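Asker: Provided below: work-v4.cif, containing mmCIF, C-alpha atoms and all ligand atoms.
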data_structure
#
loop_
_atom_site.label_atom_id
_atom_site.label_comp_id
_atom_site.auth_asym_id
_atom_site.auth_seq_id
_atom_site.Cartn_x
_atom_site.Cartn_y
_atom_site.Cartn_z
CA MET A 643 30.35 -1.52 12.85
CA ILE A 644 33.46 -2.59 10.95
CA LYS A 645 36.56 -0.76 12.07
CA ILE A 646 39.02 -0.11 9.28
CA PRO A 647 42.60 -0.10 10.56
CA ARG A 648 44.59 2.92 9.52
CA THR A 649 46.57 2.28 6.38
CA PRO A 650 49.90 0.85 7.49
CA ARG A 651 52.72 3.25 6.75
CA ARG A 652 55.52 0.76 6.62
CA ARG A 653 55.70 -1.88 3.98
CA THR A 654 57.00 -4.35 6.51
CA THR A 655 53.82 -4.00 8.65
CA ARG A 656 51.61 -4.57 5.68
CA SER A 657 53.38 -7.68 4.50
CA ALA A 658 53.32 -8.99 8.07
CA LEU A 659 49.51 -9.14 8.04
CA PRO A 660 48.10 -12.59 7.35
CA SER A 661 46.66 -12.66 3.86
CA ALA A 662 43.13 -13.38 5.13
CA VAL A 663 43.18 -10.22 7.23
CA THR A 664 44.52 -8.24 4.28
CA ALA A 665 41.63 -9.53 2.18
CA VAL A 666 39.02 -8.60 4.80
CA VAL A 667 40.48 -5.11 5.13
CA ALA A 668 40.55 -4.71 1.36
CA VAL A 669 36.92 -5.81 0.97
CA ALA A 670 35.80 -3.57 3.83
CA ALA A 671 37.66 -0.60 2.38
CA LEU A 672 36.11 -1.26 -1.02
CA SER A 673 32.57 -1.44 0.33
CA VAL A 674 33.10 1.75 2.30
CA ALA A 675 34.24 3.45 -0.87
CA ALA A 676 31.25 2.15 -2.83
CA THR A 677 28.56 2.96 -0.26
CA PRO A 678 29.46 5.83 2.04
CA ALA A 679 26.63 5.05 4.45
CA ALA A 680 27.77 1.47 4.98
CA ASN A 681 25.81 1.06 8.20
CA ALA A 682 22.62 2.80 7.05
CA ALA A 683 19.38 0.96 6.36
CA SER A 684 19.83 -1.68 3.74
CA THR A 685 16.27 -2.75 3.00
CA LEU A 686 13.07 -0.89 2.21
CA LYS A 687 11.51 -2.00 5.47
CA SER A 688 14.46 -1.05 7.67
CA ALA A 689 14.77 2.33 5.95
CA ALA A 690 11.03 2.95 6.49
CA ALA A 691 11.21 1.69 10.08
CA SER A 692 13.93 4.23 10.84
CA LYS A 693 11.20 6.86 10.31
CA GLY A 694 8.47 4.85 12.02
CA LYS A 695 6.79 3.81 8.76
CA THR A 696 5.78 0.48 7.27
CA PHE A 697 6.76 -0.39 3.70
CA GLY A 698 4.35 -2.84 2.10
CA ALA A 699 3.61 -4.52 -1.21
CA ALA A 700 0.49 -5.80 -2.90
CA VAL A 701 0.83 -9.57 -3.11
CA ALA A 702 -0.78 -12.19 -5.31
CA ASN A 703 -1.15 -15.52 -3.57
CA TYR A 704 -0.33 -17.54 -6.67
CA HIS A 705 3.15 -15.97 -6.85
CA LEU A 706 4.16 -16.82 -3.28
CA GLY A 707 5.41 -20.22 -4.44
CA GLU A 708 8.03 -18.52 -6.63
CA SER A 709 11.15 -18.42 -4.47
CA GLN A 710 12.56 -15.10 -5.73
CA TYR A 711 9.16 -13.45 -5.33
CA ALA A 712 8.75 -14.69 -1.76
CA SER A 713 12.33 -13.96 -0.75
CA THR A 714 12.18 -10.40 -2.12
CA LEU A 715 8.90 -9.84 -0.30
CA ASP A 716 10.19 -11.33 2.95
CA THR A 717 13.51 -9.46 2.89
CA GLU A 718 12.31 -6.04 1.82
CA PHE A 719 8.72 -5.49 2.92
CA SER A 720 7.04 -5.15 6.31
CA GLY A 721 3.46 -4.96 5.04
CA VAL A 722 1.18 -6.86 2.70
CA THR A 723 -2.02 -6.05 0.81
CA PRO A 724 -3.75 -8.92 -0.99
CA GLU A 725 -3.96 -7.67 -4.58
CA ASN A 726 -7.23 -9.43 -5.47
CA GLU A 727 -7.88 -12.17 -2.91
CA MET A 728 -10.11 -10.22 -0.49
CA LYS A 729 -12.30 -8.67 -3.16
CA TRP A 730 -16.00 -9.45 -3.29
CA ASP A 731 -15.93 -11.67 -6.41
CA THR A 732 -13.42 -13.95 -4.67
CA THR A 733 -14.71 -13.88 -1.10
CA GLU A 734 -18.48 -14.15 -1.80
CA PRO A 735 -18.92 -15.34 -5.39
CA SER A 736 -22.51 -16.34 -4.69
CA ARG A 737 -24.74 -14.92 -2.02
CA GLY A 738 -23.98 -16.25 1.44
CA SER A 739 -21.24 -18.58 0.25
CA PHE A 740 -17.82 -17.44 1.37
CA ASN A 741 -14.37 -18.41 0.18
CA PHE A 742 -11.31 -17.29 2.10
CA GLY A 743 -8.70 -19.80 0.95
CA ALA A 744 -6.39 -17.58 -1.09
CA ALA A 745 -6.63 -14.62 1.27
CA ASP A 746 -6.02 -16.88 4.27
CA SER A 747 -2.76 -18.05 2.65
CA ILE A 748 -1.54 -14.48 2.27
CA VAL A 749 -2.55 -13.64 5.83
CA ALA A 750 -0.71 -16.71 7.14
CA HIS A 751 2.39 -15.79 5.15
CA ALA A 752 2.29 -12.22 6.42
CA GLN A 753 1.76 -13.26 10.03
CA SER A 754 4.57 -15.79 9.98
CA HIS A 755 6.91 -13.07 8.71
CA GLY A 756 5.75 -10.36 11.09
CA MET A 757 4.20 -8.24 8.34
CA LYS A 758 1.25 -5.92 8.87
CA ILE A 759 -1.82 -6.51 6.72
CA ARG A 760 -3.95 -4.00 4.82
CA GLY A 761 -7.31 -5.54 3.94
CA HIS A 762 -8.44 -4.62 0.42
CA THR A 763 -11.32 -4.04 -0.22
CA LEU A 764 -14.82 -4.53 1.22
CA VAL A 765 -16.98 -2.36 -1.07
CA TRP A 766 -15.96 -1.58 -4.65
CA HIS A 767 -17.89 -1.30 -7.92
CA ASN A 768 -15.26 -3.46 -9.67
CA GLN A 769 -14.61 -7.18 -9.28
CA LEU A 770 -18.16 -7.38 -8.01
CA PRO A 771 -20.05 -10.64 -8.62
CA GLY A 772 -23.09 -10.46 -10.87
CA TRP A 773 -25.52 -11.36 -8.09
CA VAL A 774 -24.72 -8.10 -6.27
CA SER A 775 -25.27 -5.93 -9.33
CA GLY A 776 -28.53 -7.79 -9.90
CA ILE A 777 -30.11 -6.75 -6.60
CA SER A 778 -32.78 -4.17 -7.36
CA SER A 779 -33.96 -3.10 -3.93
CA GLY A 780 -31.93 -0.64 -1.86
CA SER A 781 -32.69 -2.28 1.46
CA ASP A 782 -31.83 -5.72 0.12
CA LEU A 783 -28.53 -4.44 -1.31
CA ASN A 784 -27.74 -2.71 1.97
CA ASN A 785 -28.35 -6.00 3.78
CA ALA A 786 -26.14 -7.86 1.32
CA MET A 787 -23.40 -5.23 1.71
CA THR A 788 -23.44 -5.12 5.50
CA ASN A 789 -23.57 -8.91 5.69
CA HIS A 790 -20.60 -9.15 3.32
CA ILE A 791 -18.65 -6.76 5.53
CA ALA A 792 -19.67 -8.57 8.72
CA GLN A 793 -18.53 -11.92 7.30
CA VAL A 794 -15.29 -10.82 5.65
CA ALA A 795 -14.08 -8.31 8.24
CA GLY A 796 -15.37 -10.70 10.94
CA HIS A 797 -13.34 -13.58 9.50
CA TYR A 798 -10.15 -11.49 9.75
CA ARG A 799 -11.07 -9.78 13.01
CA GLY A 800 -7.95 -8.85 14.97
CA LYS A 801 -5.58 -9.53 12.05
CA ILE A 802 -6.00 -6.44 9.89
CA TRP A 803 -4.11 -3.20 10.48
CA TYR A 804 -6.09 -1.07 8.02
CA TRP A 805 -9.15 -2.02 5.98
CA ASP A 806 -9.95 -0.29 2.70
CA VAL A 807 -13.65 -0.25 3.53
CA VAL A 808 -14.88 1.65 0.48
CA ASN A 809 -12.83 2.02 -2.69
CA GLU A 810 -13.16 4.54 -5.52
CA ALA A 811 -16.61 5.97 -4.80
CA PHE A 812 -16.02 9.38 -6.40
CA ASN A 813 -15.68 10.70 -9.94
CA GLU A 814 -12.96 13.11 -11.01
CA ASP A 815 -15.33 16.09 -10.78
CA GLY A 816 -16.11 15.30 -7.15
CA SER A 817 -19.54 13.81 -7.78
CA ARG A 818 -20.44 10.35 -6.55
CA ARG A 819 -19.69 7.48 -8.91
CA GLN A 820 -22.97 5.96 -10.04
CA SER A 821 -22.16 2.46 -8.78
CA VAL A 822 -24.91 0.00 -7.98
CA PHE A 823 -24.46 0.93 -4.30
CA GLN A 824 -24.88 4.63 -4.99
CA GLN A 825 -27.86 4.06 -7.26
CA ARG A 826 -29.79 1.67 -5.02
CA ILE A 827 -28.81 2.77 -1.50
CA GLY A 828 -27.81 6.40 -2.07
CA ASN A 829 -25.18 8.51 -0.32
CA ALA A 830 -25.60 6.66 2.98
CA TYR A 831 -24.00 3.47 1.68
CA ILE A 832 -20.50 4.70 2.52
CA GLU A 833 -21.19 5.44 6.15
CA ASN A 834 -23.27 2.27 6.46
CA ALA A 835 -20.22 0.34 5.26
CA PHE A 836 -17.89 2.02 7.76
CA ARG A 837 -20.27 1.33 10.64
CA ALA A 838 -20.58 -2.32 9.63
CA ALA A 839 -16.80 -2.66 9.40
CA HIS A 840 -16.34 -1.10 12.82
CA SER A 841 -18.80 -3.59 14.35
CA ALA A 842 -17.11 -6.52 12.65
CA ASP A 843 -13.55 -5.59 13.68
CA PRO A 844 -13.46 -2.75 16.21
CA ASN A 845 -9.65 -2.65 16.32
CA ALA A 846 -9.00 -2.41 12.60
CA LYS A 847 -8.38 1.09 11.30
CA LEU A 848 -10.90 1.94 8.61
CA CYS A 849 -9.94 3.71 5.39
CA TYR A 850 -11.55 5.32 2.40
CA ASN A 851 -9.26 4.64 -0.61
CA ASP A 852 -9.10 6.29 -4.05
CA TYR A 853 -6.91 7.30 -7.03
CA ASN A 854 -6.19 10.68 -8.69
CA THR A 855 -6.39 12.22 -5.25
CA ASP A 856 -2.68 12.95 -4.97
CA GLY A 857 -3.02 16.74 -5.02
CA GLN A 858 -5.80 19.15 -4.19
CA ASN A 859 -8.44 18.78 -6.90
CA ALA A 860 -12.20 18.38 -7.22
CA LYS A 861 -12.05 14.69 -6.32
CA SER A 862 -9.79 15.01 -3.28
CA ASN A 863 -11.82 18.05 -2.15
CA ALA A 864 -15.01 15.97 -2.21
CA ILE A 865 -13.35 13.20 -0.20
CA TYR A 866 -11.98 15.79 2.22
CA ALA A 867 -15.51 17.12 2.76
CA MET A 868 -16.82 13.61 3.34
CA VAL A 869 -14.12 12.80 5.91
CA GLN A 870 -14.75 16.10 7.68
CA ASP A 871 -18.46 15.32 7.80
CA PHE A 872 -17.80 11.77 9.09
CA LYS A 873 -15.51 13.07 11.84
CA ASN A 874 -18.12 15.69 12.82
CA ARG A 875 -20.90 13.11 13.02
CA GLY A 876 -18.90 10.30 14.62
CA VAL A 877 -18.93 7.95 11.64
CA PRO A 878 -15.97 5.62 12.31
CA ILE A 879 -13.26 6.54 9.81
CA ASP A 880 -9.58 6.36 10.72
CA CYS A 881 -7.68 6.76 7.52
CA VAL A 882 -7.62 7.89 3.92
CA GLY A 883 -5.72 5.86 1.33
CA PHE A 884 -4.04 7.58 -1.60
CA GLN A 885 -3.46 4.99 -4.30
CA SER A 886 -0.86 7.08 -6.15
CA HIS A 887 -0.78 5.27 -9.48
CA LEU A 888 1.34 7.91 -11.14
CA GLY A 889 2.74 8.74 -14.55
CA SER A 890 6.32 9.84 -15.08
CA ASN A 891 7.13 13.28 -13.67
CA GLN A 892 3.58 13.67 -12.36
CA VAL A 893 3.92 13.87 -8.60
CA PRO A 894 1.83 16.97 -7.86
CA GLY A 895 3.70 19.86 -6.25
CA ASP A 896 1.20 19.86 -3.40
CA TYR A 897 1.43 16.12 -2.70
CA GLN A 898 2.70 16.62 0.85
CA ALA A 899 0.31 19.50 1.58
CA ASN A 900 -2.58 17.36 0.43
CA LEU A 901 -1.61 14.47 2.75
CA GLN A 902 -1.17 16.96 5.57
CA ARG A 903 -4.59 18.58 5.18
CA PHE A 904 -6.25 15.16 5.52
CA ALA A 905 -4.05 14.30 8.51
CA ASN A 906 -5.17 17.57 10.07
CA LEU A 907 -8.75 16.25 10.03
CA GLY A 908 -7.63 13.59 12.51
CA VAL A 909 -7.13 10.58 10.26
CA ASP A 910 -4.05 8.60 9.29
CA VAL A 911 -2.98 8.77 5.68
CA ASN A 912 -1.63 5.76 3.79
CA ILE A 913 -0.04 5.59 0.36
CA THR A 914 -1.75 2.42 -0.66
CA GLU A 915 -1.01 1.41 -4.25
CA LEU A 916 2.10 3.33 -5.23
CA ASP A 917 3.57 2.72 -8.66
CA ILE A 918 5.21 5.29 -10.93
CA ALA A 919 5.77 4.82 -14.65
CA GLY A 920 9.24 5.33 -16.04
CA SER A 921 12.82 4.35 -15.41
CA GLY A 922 16.20 5.64 -14.32
CA GLN A 923 16.74 9.03 -12.73
CA GLN A 924 13.26 10.44 -13.42
CA GLN A 925 11.56 7.49 -11.76
CA ALA A 926 14.02 7.62 -8.87
CA ASP A 927 13.26 11.32 -8.36
CA ASP A 928 9.52 10.73 -8.52
CA TYR A 929 9.67 7.96 -5.91
CA ALA A 930 11.87 10.11 -3.66
CA LYS A 931 9.30 12.93 -3.74
CA VAL A 932 6.54 10.61 -2.57
CA VAL A 933 8.66 9.10 0.19
CA ARG A 934 9.86 12.50 1.43
CA ALA A 935 6.25 13.69 1.61
CA CYS A 936 5.24 10.69 3.71
CA VAL A 937 8.26 11.13 5.98
CA ALA A 938 7.29 14.77 6.52
CA VAL A 939 3.71 13.90 7.56
CA SER A 940 3.69 12.11 10.89
CA ARG A 941 0.26 10.55 10.29
CA CYS A 942 1.49 9.00 7.04
CA THR A 943 2.09 5.58 8.55
CA SER A 944 2.68 3.36 5.54
CA ILE A 945 3.65 3.22 1.92
CA THR A 946 2.60 0.21 -0.15
CA THR A 947 3.82 -0.41 -3.69
CA TRP A 948 1.26 -2.08 -5.93
CA GLY A 949 3.30 -5.21 -6.47
CA VAL A 950 6.80 -6.54 -5.89
CA THR A 951 8.30 -6.82 -9.38
CA ASP A 952 7.64 -5.12 -12.72
CA LYS A 953 7.11 -8.62 -14.12
CA TYR A 954 3.72 -9.01 -12.42
CA SER A 955 2.60 -5.38 -12.21
CA TRP A 956 -0.94 -4.66 -13.42
CA ARG A 957 0.78 -2.18 -15.74
CA SER A 958 4.07 -3.94 -16.31
CA GLY A 959 4.63 -2.11 -19.62
CA SER A 960 5.24 1.05 -17.56
CA THR A 961 7.88 -0.70 -15.38
CA PRO A 962 6.45 1.15 -12.36
CA LEU A 963 7.92 -0.76 -9.40
CA LEU A 964 11.17 -0.92 -7.44
CA PHE A 965 12.37 -4.34 -8.64
CA ASP A 966 12.71 -5.15 -12.32
CA GLY A 967 11.46 -8.32 -13.98
CA ASN A 968 14.52 -10.21 -12.73
CA TYR A 969 14.12 -8.89 -9.17
CA ALA A 970 17.13 -6.58 -9.58
CA LYS A 971 16.94 -3.41 -7.50
CA LYS A 972 16.24 -0.39 -9.70
CA GLN A 973 17.58 3.13 -9.33
CA ALA A 974 14.27 4.07 -7.72
CA TYR A 975 14.88 1.44 -5.04
CA TYR A 976 18.01 3.22 -3.89
CA SER A 977 16.34 6.63 -4.02
CA VAL A 978 13.57 5.33 -1.76
CA ILE A 979 16.13 4.14 0.79
CA SER A 980 17.93 7.46 0.74
CA ALA A 981 14.70 9.47 0.88
CA PHE A 982 14.02 7.69 4.17
CA GLY A 983 17.39 8.99 5.29
CA GLY A 984 19.27 5.73 4.70
O1 LIG B 1001 -6.38 -1.38 -11.27
C1 LIG B 1001 -5.32 -1.19 -10.37
C2 LIG B 1001 -5.84 -1.08 -8.96
C3 LIG B 1001 -6.69 0.17 -8.79
N1 LIG B 1001 -7.12 0.32 -7.40
C4 LIG B 1001 -7.79 -0.83 -6.82
C5 LIG B 1001 -6.99 -2.11 -7.01
O2 LIG B 1001 -7.69 -3.22 -6.51
C6 LIG B 1001 -6.64 -2.31 -8.47
O3 LIG B 1001 -5.91 -3.54 -8.56
C7 LIG B 1001 -6.06 -4.27 -9.75
C8 LIG B 1001 -5.21 -5.53 -9.66
O4 LIG B 1001 -3.85 -5.15 -9.56
C9 LIG B 1001 -5.39 -6.38 -10.92
O5 LIG B 1001 -4.72 -7.64 -10.74
O6 LIG B 1001 -7.39 -4.61 -9.95
C10 LIG B 1001 -7.59 -5.26 -11.20
C11 LIG B 1001 -9.08 -5.44 -11.47
O7 LIG B 1001 -9.71 -4.22 -11.52
C12 LIG B 1001 -6.86 -6.60 -11.18
O8 LIG B 1001 -6.98 -7.22 -12.44
C13 LIG B 1001 -7.64 -8.44 -12.44
C14 LIG B 1001 -7.96 -8.78 -13.89
O9 LIG B 1001 -8.84 -7.78 -14.40
C15 LIG B 1001 -8.63 -10.12 -13.96
O10 LIG B 1001 -8.83 -10.47 -15.31
C16 LIG B 1001 -7.79 -11.17 -13.24
O11 LIG B 1001 -8.49 -12.39 -13.19
O12 LIG B 1001 -6.81 -9.45 -11.89
C17 LIG B 1001 -7.46 -10.70 -11.83
C18 LIG B 1001 -6.58 -11.68 -11.08
O13 LIG B 1001 -5.34 -11.82 -11.70
#
Could you rewrite the structure in this file as structure tokens?
Answerer:
Amino acid sequence: MIKIPRTPRRRTTRSALPSAVTAVVAVAALSVAATPAANAASTLKSAAASKGKTFGAAVANYHLGESQYASTLDTEFSGVTPENEMKWDTTEPSRGSFNFGAADSIVAHAQSHGMKIRGHTLVWHNQLPGWVSGISSGSDLNNAMTNHIAQVAGHYRGKIWYWDVVNEAFNEDGSRRQSVFQQRIGNAYIENAFRAAHSADPNAKLCYNDYNTDGQNAKSNAIYAMVQDFKNRGVPIDCVGFQSHLGSNQVPGDYQANLQRFANLGVDVNITELDIAGSGQQQADDYAKVVRACVAVSRCTSITTWGVTDKYSWRSGSTPLLFDGNYAKKQAYYSVISAFGG
């Protein structure tokens, strides 16, 4: 804490101060004037930590060599999600042949900087290699799926905080997406995947992750029913991920209530892929709403933005992140800090 001496009353006192001291006092007084909460949290991760939360970012391994990218990540974020590197097309491009190089690099970077890791994602209809889609028998596909989970989650055993075990398995109307897994294996594929993940890494927390689930609607209701059923039957599920890819001024009014109703089922809730289109005050307000909701829900343990900088966002035209293309902090950055109470 910097103590600011009281303003000297007498001119003689002031001129007696060495000029270096005068300069320090002047700079301190200026910074106090500019930022009233001079000692409050000054990074995303410290602001989140003050409320017991982790603040993460999706990371692409091939950007880690860019110094501004890595230094922004290392300074501001306490969690990491590999953006593509743990997906099936990368980790098992042909059956039984595994490739962990890029994901291992991200994991090593995260571990050396004390960041928590969200594994993403074991079972998804997208970024799926052709050999998986080509399997015609349900039992063979189930074997391929559970083996994939055993190998990938097994490789990272003990290193993953949360795994997105199954991603985007529902349609907007609450019906099951007709993925190859759904078509060949049927409804049971989701619980089979969770059981396989639990065997492979018993200490990782296991999540179901989806988008357009940010308020109460047909899709989030269907997921809610599934989680309730899993908890009743002892299927190992620990968490629900809310991607929260949002448009401008579209945070649902019941965002917090929706997180809370899932938490009340006995699972953690994570905001897993947050990005909000827009700029300026509107974007800042939208981000603040999401952060305040997470702060208000004790089982909301982490917020992850889907990228570090607008420059590399999957929807960079919407400038949806907290750092602009030059890594400058945006208005939304400051509103996130203050929504955490910083
Ligand atoms: O689509 C946004 C996200 C929705 N939820 C699941 C997330 O896993 C998903 O992430 C995005 C990545 O941000 C993109 O980077 O998933 C996309 C694929 O569905 C990723 O895009 C892919 C491109 O389609 C490929 O052409 C490219 O080779 O990224 C690959 C690696 O740069």
Asker: Can you write out as a Markdown table which residues of chain A fall within 9 Å of ligand LIG 1001 (chain B), alongside each residue's closest atom pair and its distance in Å to one decimal, counting only C-alpha atoms and all ligand atoms and ordering rows by chain and ascending residue number?
Answerer:
| residue | atom | partner | partner_atom | distance |
| --- | --- | --- | --- | --- |
| A:Ala700 | CA | B:LIG1001 | O4 | 8.0 |
| A:Ala702 | CA | B:LIG1001 | O13 | 7.9 |
| A:Pro724 | CA | B:LIG1001 | O2 | 8.9 |
| A:Glu725 | CA | B:LIG1001 | O4 | 5.6 |
| A:Asn726 | CA | B:LIG1001 | C8 | 6.1 |
| A:Glu727 | CA | B:LIG1001 | C18 | 8.3 |
| A:Lys729 | CA | B:LIG1001 | O2 | 7.9 |
| A:His762 | CA | B:LIG1001 | O2 | 7.1 |
| A:Thr763 | CA | B:LIG1001 | O2 | 7.3 |
| A:Trp766 | CA | B:LIG1001 | C4 | 8.5 |
| A:Asn768 | CA | B:LIG1001 | O7 | 5.9 |
| A:Gln769 | CA | B:LIG1001 | O7 | 6.1 |
| A:Asn809 | CA | B:LIG1001 | C4 | 7.1 |
| A:Glu810 | CA | B:LIG1001 | N1 | 7.6 |
| A:Asn851 | CA | B:LIG1001 | N1 | 8.3 |
| A:Asp852 | CA | B:LIG1001 | N1 | 7.1 |
| A:Tyr853 | CA | B:LIG1001 | N1 | 7.0 |
| A:Gln885 | CA | B:LIG1001 | N1 | 6.7 |
| A:His887 | CA | B:LIG1001 | C3 | 7.8 |
| A:Thr914 | CA | B:LIG1001 | N1 | 8.9 |
| A:Glu915 | CA | B:LIG1001 | N1 | 7.0 |
| A:Trp948 | CA | B:LIG1001 | O4 | 7.0 |
| A:Gly949 | CA | B:LIG1001 | O4 | 7.8 |
| A:Tyr954 | CA | B:LIG1001 | O5 | 8.7 |
| A:Ser955 | CA | B:LIG1001 | O4 | 7.0 |
| A:Trp956 | CA | B:LIG1001 | O4 | 4.9 |
| A:Arg957 | CA | B:LIG1001 | C1 | 8.2 |
Asker: Please, what distance in Å, to one decimal, runs between atom CA of A:Gln870 and atom CA of A:Val939?
Answerer: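 The value is 18.6 Å.
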Asker: Residues near A:Thr788, anyone? I mean within 9 Å using all atoms listed in the file, not counting same-chain ones fewer than 6 positions away, as a VMD selection string.
Answerer: chain A and resid 834 to 835 837 to 839
Asker: Show me, as a PyMOL selection string, the residues that have an atom within 10 Å of A:Thr732 when counting only C-alpha atoms, minus same-chain residues fewer than 6 positions from it.
Answerer: chain A and resi 726+740-745+769-771
Asker: Quick one: residues within 7 Å of stretch 757-759 of chain A, only C-alpha atoms counted, chain neighbours fewer than 2 positions away excluded, as a list of chain:residue names?
Answerer: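 Those residues are A:Ser720, A:Gly721, A:Val722, A:Thr723, A:Ala752, A:Gln753, A:His755, A:Gly761, A:Ile802, A:Trp803.
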Asker: Just give me the gap between atom CA of A:Gly698 and atom CA of A:Trp805 in Å, one decimal is fine.
Answerer: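 The value is 14.1 Å.
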Asker: Quick one: distance from atom CA of A:Val794 to atom CA of A:Asn813 in Å, one decimal?
Answerer: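 Computed distance, atom CA of A:Val794 to atom CA of A:Asn813, equals 26.6 Å.
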Asker: Work out where the centre of an axis-aligned box around every listed atom of stretch 854-873 of chain A lies and how long its edges are once 6 Å is added on each side; give both in Å to one decimal as JSON.
Answerer:
{"center_x": -10.6, "center_y": 14.9, "center_z": 1.6, "size_x": 27.8, "size_y": 20.5, "size_z": 32.5}
Asker: At a cut-off of 9 Å from (-26.1, -9.2, -2.3) in the coordinates of the file, what residues are picked up using only C-alpha atoms, written as a PyMOL selection string?
Answerer: chain A and resi 736-738+771+773-777+782-787+789-790
Asker: Around (7.8, 14.4, 2.7), as given in the file, which residues come within 12 Å? Count all atoms listed in the file and list them as a tab-separated table (two decimals) with C-alpha atoms, in the coordinates of the input.
Answerer:
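Result saved to part_33.tsv:
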chain	number	residue	atom	x	y	z
A	693	LYS	CA	11.20	6.86	10.31
A	893	VAL	CA	3.92	13.87	-8.60
A	895	GLY	CA	3.70	19.86	-6.25
A	896	ASP	CA	1.20	19.86	-3.40
A	897	TYR	CA	1.43	16.12	-2.70
A	898	GLN	CA	2.70	16.62	0.85
A	899	ALA	CA	0.31	19.50	1.58
A	900	ASN	CA	-2.58	17.36	0.43
A	901	LEU	CA	-1.61	14.47	2.75
A	902	GLN	CA	-1.17	16.96	5.57
A	928	ASP	CA	9.52	10.73	-8.52
A	929	TYR	CA	9.67	7.96	-5.91
A	930	ALA	CA	11.87	10.11	-3.66
A	931	LYS	CA	9.30	12.93	-3.74
A	932	VAL	CA	6.54	10.61	-2.57
A	933	VAL	CA	8.66	9.10	0.19
A	934	ARG	CA	9.86	12.50	1.43
A	935	ALA	CA	6.25	13.69	1.61
A	936	CYS	CA	5.24	10.69	3.71
A	937	VAL	CA	8.26	11.13	5.98
A	938	ALA	CA	7.29	14.77	6.52
A	939	VAL	CA	3.71	13.90	7.56
A	940	SER	CA	3.69	12.11	10.89
A	941	ARG	CA	0.26	10.55	10.29
A	942	CYS	CA	1.49	9.00	7.04
A	945	ILE	CA	3.65	3.22	1.92
A	978	VAL	CA	13.57	5.33	-1.76
A	981	ALA	CA	14.70	9.47	0.88
A	982	PHE	CA	14.02	7.69	4.17
A	983	GLY	CA	17.39	8.99	5.29
Asker: So which one's closest to A:Gly908, A:Val882, A:Leu764, A:Leu888, A:Ala842? Using only C-alpha atoms, please.
Answerer: A:Val882
Asker: Of the candidates A:Ala699, A:Val911, A:Ala830, A:Leu848, which one gets nearest to A:Thr717 if we count all atoms listed in the file?
Answerer: A:Ala699
Asker: When distances are computed from all atoms listed in the file, which of A:Pro878, A:Val822, A:Asp856, A:Thr943 shows the smallest separation from A:His840?
Answerer: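 The closest residue to A:His840 is A:Pro878.
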Asker: Need the shell around A:Phe812: protein/DNA/RNA residues with any atom at most 8 Å away, counting only C-alpha atoms. Skip same-chain ones fewer than 6 positions apart. Format as a PyMOL selection string?
Answerer: chain A and resi 818-819+852+861+864-865
Asker: Ranking A:Ser886, A:Asn829, A:Ser980, A:Thr947 by minimum distance to A:Asn854 and counting only C-alpha atoms, which one comes first?
Answerer: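 With only C-alpha atoms as the atom set, the closest residue is A:Ser886.
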